[in-house]
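Heads up, structure-v2.txt below (compact mmCIF, C-alpha atoms):
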```
# COMPACT_ATOMS: atom_id res chain seq x y z
CA MET S 100 7.17 0.74 -4.02
CA SER S 101 4.62 -1.96 -3.35
CA LEU S 102 1.01 -0.99 -3.93
CA ARG S 103 -1.75 -2.45 -1.84
CA VAL S 104 -5.40 -1.97 -0.94
CA ILE S 105 -5.50 -0.20 2.43
CA SER S 106 -9.00 -0.86 3.72
CA GLY S 107 -12.31 -2.58 3.04
CA THR S 108 -13.18 -5.93 1.50
CA ALA S 109 -9.92 -6.25 -0.47
CA ARG S 110 -7.71 -4.95 2.35
CA GLY S 111 -4.09 -6.05 2.11
CA ARG S 112 -4.30 -7.24 -1.49
CA LYS S 113 -1.18 -6.34 -3.43
CA LEU S 114 -1.64 -4.47 -6.70
CA LYS S 115 0.58 -4.88 -9.75
CA SER S 116 2.52 -1.80 -10.80
CA VAL S 117 2.67 -0.56 -14.35
CA PRO S 118 6.19 -1.18 -15.74
CA GLY S 119 8.17 1.95 -16.64
CA ASP S 120 7.49 5.54 -15.60
CA THR S 121 4.32 6.36 -17.55
CA THR S 122 2.14 6.32 -14.44
CA ARG S 123 2.25 8.09 -11.10
CA PRO S 124 1.32 5.64 -8.33
CA VAL S 125 -0.40 7.22 -5.35
CA MET S 126 1.37 6.78 -2.00
CA ASP S 127 -0.49 4.79 0.66
CA ARG S 128 -0.56 7.72 3.09
CA VAL S 129 -2.11 9.99 0.45
CA LYS S 130 -4.67 7.35 -0.49
CA GLU S 131 -5.50 6.76 3.16
CA ALA S 132 -5.84 10.49 3.86
CA LEU S 133 -8.08 10.96 0.81
CA PHE S 134 -10.44 8.18 1.83
CA ASN S 135 -10.47 9.34 5.46
CA ILE S 136 -11.67 12.75 4.22
CA LEU S 137 -14.43 11.17 2.12
CA ALA S 138 -15.30 8.60 4.84
CA ASP S 139 -18.81 7.14 4.41
CA ASP S 140 -19.52 9.23 1.31
CA VAL S 141 -17.67 6.53 -0.64
CA ILE S 142 -20.37 3.94 0.10
CA ASP S 143 -22.64 3.39 -2.93
CA SER S 144 -20.85 6.13 -4.91
CA ASN S 145 -19.73 5.87 -8.54
CA TRP S 146 -16.14 6.71 -9.50
CA TRP S 147 -14.28 7.50 -12.67
CA ASP S 148 -10.54 6.94 -12.27
CA LEU S 149 -9.73 9.03 -15.35
CA PHE S 150 -5.99 8.42 -15.78
CA GLY S 151 -6.30 4.93 -14.33
CA GLY S 152 -2.66 3.80 -14.20
CA THR S 153 -2.74 0.84 -11.81
CA GLY S 154 -6.37 1.44 -10.87
CA ALA S 155 -5.37 1.92 -7.22
CA ILE S 156 -7.82 4.77 -6.48
CA GLY S 157 -10.88 3.16 -8.10
CA ILE S 158 -10.03 -0.20 -6.53
CA GLU S 159 -9.68 1.42 -3.09
CA ALA S 160 -13.10 3.05 -3.60
CA LEU S 161 -14.65 -0.31 -4.56
CA SER S 162 -13.00 -2.00 -1.57
CA ARG S 163 -14.57 0.65 0.69
CA GLY S 164 -18.07 0.13 -0.69
CA ALA S 165 -18.38 2.21 -3.86
CA ALA S 166 -21.09 0.90 -6.19
CA SER S 167 -18.96 1.08 -9.32
CA ALA S 168 -15.78 2.41 -10.85
CA ARG S 169 -14.89 3.27 -14.41
CA PHE S 170 -11.19 3.09 -15.18
CA SER S 171 -9.71 4.67 -18.28
CA ASP S 172 -6.21 4.96 -19.61
CA LEU S 173 -4.71 5.81 -22.97
CA ASN S 174 -2.14 3.04 -23.05
CA ARG S 175 -2.51 -0.72 -23.38
CA VAL S 176 -0.11 -1.67 -20.53
CA PRO S 177 -1.93 0.31 -17.79
CA VAL S 178 -5.29 -0.99 -19.08
CA GLU S 179 -4.03 -4.58 -18.81
CA THR S 180 -2.60 -3.83 -15.35
CA ILE S 181 -5.95 -2.39 -14.21
CA LYS S 182 -7.78 -5.50 -15.49
CA GLU S 183 -5.40 -7.79 -13.58
CA ASN S 184 -5.68 -5.71 -10.38
CA VAL S 185 -9.49 -5.49 -10.58
CA GLU S 186 -9.76 -9.26 -11.12
CA HIS S 187 -7.25 -9.98 -8.33
CA CYS S 188 -9.38 -7.93 -5.91
CA GLY S 189 -12.66 -9.52 -7.06
CA PHE S 190 -14.30 -6.37 -8.44
CA ILE S 191 -14.76 -7.27 -12.10
CA LYS S 192 -18.59 -7.04 -11.88
CA ARG S 193 -18.47 -3.48 -10.47
CA ALA S 194 -15.71 -2.22 -12.76
CA GLU S 195 -15.70 -0.88 -16.29
CA ILE S 196 -12.31 -0.56 -17.97
CA ARG S 197 -11.85 1.55 -21.09
CA LYS S 198 -8.80 2.20 -23.26
CA GLY S 199 -8.84 5.67 -24.73
CA ASP S 200 -7.95 9.33 -24.52
CA ALA S 201 -9.19 10.97 -21.30
CA PHE S 202 -9.86 14.28 -23.07
CA SER S 203 -11.92 12.67 -25.83
CA MET S 204 -13.91 10.72 -23.25
CA LEU S 205 -14.59 13.82 -21.14
CA SER S 206 -15.60 15.74 -24.28
CA ALA S 207 -18.13 13.10 -25.30
CA GLN S 208 -21.76 13.19 -24.23
CA ALA S 209 -22.11 11.80 -20.71
CA ASP S 210 -23.43 8.23 -20.71
CA ARG S 211 -23.76 8.17 -16.90
CA LYS S 212 -23.11 10.30 -13.82
CA PHE S 213 -20.37 9.97 -11.22
CA GLU S 214 -20.13 11.23 -7.65
CA TYR S 215 -16.34 11.36 -8.05
CA ILE S 216 -14.02 11.92 -10.99
CA TYR S 217 -10.38 11.39 -10.01
CA ILE S 218 -7.79 13.21 -12.13
CA ALA S 219 -4.14 12.19 -11.58
CA PRO S 220 -2.42 12.49 -14.96
CA PRO S 221 1.28 12.16 -15.74
CA GLN S 222 3.11 15.04 -14.05
CA TYR S 223 4.16 18.40 -15.43
CA HIS S 224 2.15 18.44 -18.63
CA GLU S 225 -0.74 20.64 -17.39
CA MET S 226 -3.04 17.80 -18.39
CA TRP S 227 -4.93 18.20 -15.13
CA VAL S 228 -5.99 21.74 -16.09
CA LYS S 229 -7.28 20.55 -19.47
CA ALA S 230 -9.16 17.63 -17.87
CA LEU S 231 -10.61 19.86 -15.13
CA LYS S 232 -11.82 22.42 -17.68
CA LEU S 233 -13.44 19.67 -19.76
CA ALA S 234 -15.21 18.31 -16.67
CA ASP S 235 -16.42 21.86 -15.96
CA GLU S 236 -17.67 22.33 -19.53
CA ASN S 237 -19.28 18.90 -19.65
CA ILE S 238 -20.74 18.93 -16.13
CA ASN S 239 -23.28 16.20 -16.91
CA TRP S 240 -20.63 13.61 -16.04
CA LEU S 241 -21.11 14.62 -12.38
CA THR S 242 -24.08 14.09 -10.09
CA ASP S 243 -25.57 17.27 -8.56
CA ASP S 244 -23.38 16.78 -5.48
CA GLY S 245 -20.43 15.45 -7.47
CA THR S 246 -16.77 16.24 -6.87
CA VAL S 247 -13.71 16.29 -9.10
CA ILE S 248 -10.57 15.34 -7.19
CA VAL S 249 -7.20 16.32 -8.63
CA GLN S 250 -3.87 14.80 -7.57
CA ILE S 251 -0.77 16.75 -8.68
CA ASP S 252 2.67 17.85 -7.58
CA PRO S 253 2.26 21.11 -5.57
CA THR S 254 4.52 22.94 -8.03
CA GLU S 255 1.96 22.27 -10.79
CA TYR S 256 -0.85 24.10 -8.98
CA GLN S 257 -2.50 27.12 -10.53
CA GLU S 258 -5.89 28.74 -10.11
CA VAL S 259 -8.27 27.65 -12.84
CA SER S 260 -11.22 29.73 -14.00
CA LEU S 261 -14.31 27.51 -13.83
CA LYS S 262 -18.04 28.06 -14.26
CA LYS S 263 -19.73 24.98 -12.77
CA LEU S 264 -17.08 23.73 -10.38
CA GLU S 265 -15.44 25.51 -7.46
CA GLU S 266 -12.32 24.67 -5.52
CA THR S 267 -13.40 23.81 -1.98
CA GLU S 268 -10.35 22.25 -0.34
CA GLN S 269 -6.66 21.47 -0.73
CA ARG S 270 -4.58 18.96 1.19
CA LYS S 271 -0.82 18.65 0.81
CA TYR S 272 1.09 15.46 1.64
CA GLY S 273 4.80 15.86 0.89
CA SER S 274 5.17 16.08 -2.88
CA THR S 275 1.47 15.41 -3.49
CA LEU S 276 -1.36 17.95 -3.55
CA ILE S 277 -4.98 16.82 -3.52
CA ILE S 278 -7.53 19.44 -4.62
CA PHE S 279 -11.30 19.09 -4.35
CA TYR S 280 -13.62 20.81 -6.83
CA ASP S 281 -17.31 20.58 -5.98
CA ARG S 282 -20.15 21.10 -8.43
CA VAL S 283 -21.79 24.49 -7.96
CA ASN S 284 -25.54 24.04 -7.82
CA GLN S 285 -27.13 26.54 -10.13
CA PRO S 286 -30.67 27.61 -9.28
```
Produce C-alpha cells that represent the structure in this file.
Amino acid sequence: MSLRVISGTARGRKLKSVPGDTTRPVMDRVKEALFNILADDVIDSNWWDLFGGTGAIGIEALSRGAASARFSDLNRVPVETIKENVEHCGFIKRAEIRKGDAFSMLSAQADRKFEYIYIAPPQYHEMWVKALKLADENINWLTDDGTVIVQIDPTEYQEVSLKKLEETEQRKYGSTLIIFYDRVNQP
C-alpha cells in the first residue's frame, strides 16, 4: 500500500512506510473522510499523533494548515520513518518528534495543549482504552474545545467510562472505526 499526502501544501507527496507489521497505516479514504469531517477546524490547530507510525495523520494535518504536530512512537524505526516523512514534506519546523512510551507521555504533566490527540495504536491490545483513559485523567493536554480521535478496528470497540471526555461521534469505514471524544466543559 503506498502512502501519500492527500491534500494541502504537500499534496501528492509519497510517504515512506514503516518496515514490518508494527504499525497500522491509515487508508487514504479513512484519512480523507476524517479531514473532511474536521474541515477548516484543522487550520492553526495543534496535533499530537500519539502512536505516530509513519506520521501520516500529523503530516496530513500540517499539509492542511495545522500550526504544529507532535509525533511520538515507542520504537526507533517508526521515529526515523516519521523524521524522513516530515522532512520530505517540508514540515520540520512545525513538527516535534519524540521517541517514548505513549502512556508515560500522557501520564506526565502537560507541557502544552492540543486541539487534537490522535490515538491509533497497534490493534487488538486494548491500548486505545488505556490511552483514552489517561487523556481523560490528564485533561490538561487538551484545549477547552479539544478532541481525542481514536482509530481502531470495529471489533475492538467498547464503551469507556470517562469523566472529562464524552463520545460524540463514530464513523465506520470498512475495517476501520473512527471515534470522536470531545472535552466536556465543566462549569
Original post:
Which value, in Å to one decimal, gives the distance between atom CA of S:Gly154 and atom CA of S:Val104?
Top reply: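 Separating atom CA of S:Gly154 from atom CA of S:Val104 is a distance of 10.5 Å.
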Within 9 Å of S:Val176 using only C-alpha atoms, minus same-chain residues under 6 positions, as an mmCIF file with C-alpha atoms, in the frame of the given file:
```
data_model
loop_
_atom_site.group_PDB
_atom_site.id
_atom_site.type_symbol
_atom_site.label_atom_id
_atom_site.label_comp_id
_atom_site.auth_asym_id
_atom_site.auth_seq_id
_atom_site.Cartn_x
_atom_site.Cartn_y
_atom_site.Cartn_z
ATOM 1 C CA VAL S 117 2.670 -0.560 -14.350
ATOM 2 C CA PRO S 118 6.190 -1.180 -15.740
ATOM 3 C CA GLY S 152 -2.660 3.800 -14.200
#
```
Original post:
So, counting only C-alpha atoms, which residue among S:Glu214, S:Ala219, S:Phe190, S:Leu102 is closest to S:Asp143?
Top reply: S:Glu214
Original post:
From the list S:Val249, S:Leu261, S:Ala155, S:Met126, which residue is nearest S:Leu233 when using all atoms listed in the file?
Top reply: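 Of all the options, S:Leu261 lies closest to S:Leu233.
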Need the neighbours of (0.1, -4.1, -8.3): which residues are at most 8 Å away, counting only C-alpha atoms, as an mmCIF file with C-alpha atoms, in the coordinates of the input?
```cif
data_model
loop_
_atom_site.group_PDB
_atom_site.id
_atom_site.type_symbol
_atom_site.label_atom_id
_atom_site.label_comp_id
_atom_site.auth_asym_id
_atom_site.auth_seq_id
_atom_site.Cartn_x
_atom_site.Cartn_y
_atom_site.Cartn_z
ATOM 1 C CA SER S 101 4.620 -1.960 -3.350
ATOM 2 C CA LEU S 102 1.010 -0.990 -3.930
ATOM 3 C CA ARG S 103 -1.750 -2.450 -1.840
ATOM 4 C CA LYS S 113 -1.180 -6.340 -3.430
ATOM 5 C CA LEU S 114 -1.640 -4.470 -6.700
ATOM 6 C CA LYS S 115 0.580 -4.880 -9.750
ATOM 7 C CA SER S 116 2.520 -1.800 -10.800
ATOM 8 C CA VAL S 117 2.670 -0.560 -14.350
ATOM 9 C CA THR S 153 -2.740 0.840 -11.810
ATOM 10 C CA THR S 180 -2.600 -3.830 -15.350
ATOM 11 C CA ASN S 184 -5.680 -5.710 -10.380
#
```
Subject >> Interatomic distance (Å, one decimal) between atom CA of S:Ile156 and atom CA of S:Leu231 >> reply: 17.6 Å
Subject >> Nearest candidate to S:Ala230 (options S:Ile216, S:Ile158, S:Val141, S:Cys188; using all atoms listed in the file) >> reply: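 So, comparing all the options, the nearest one is S:Ile216.
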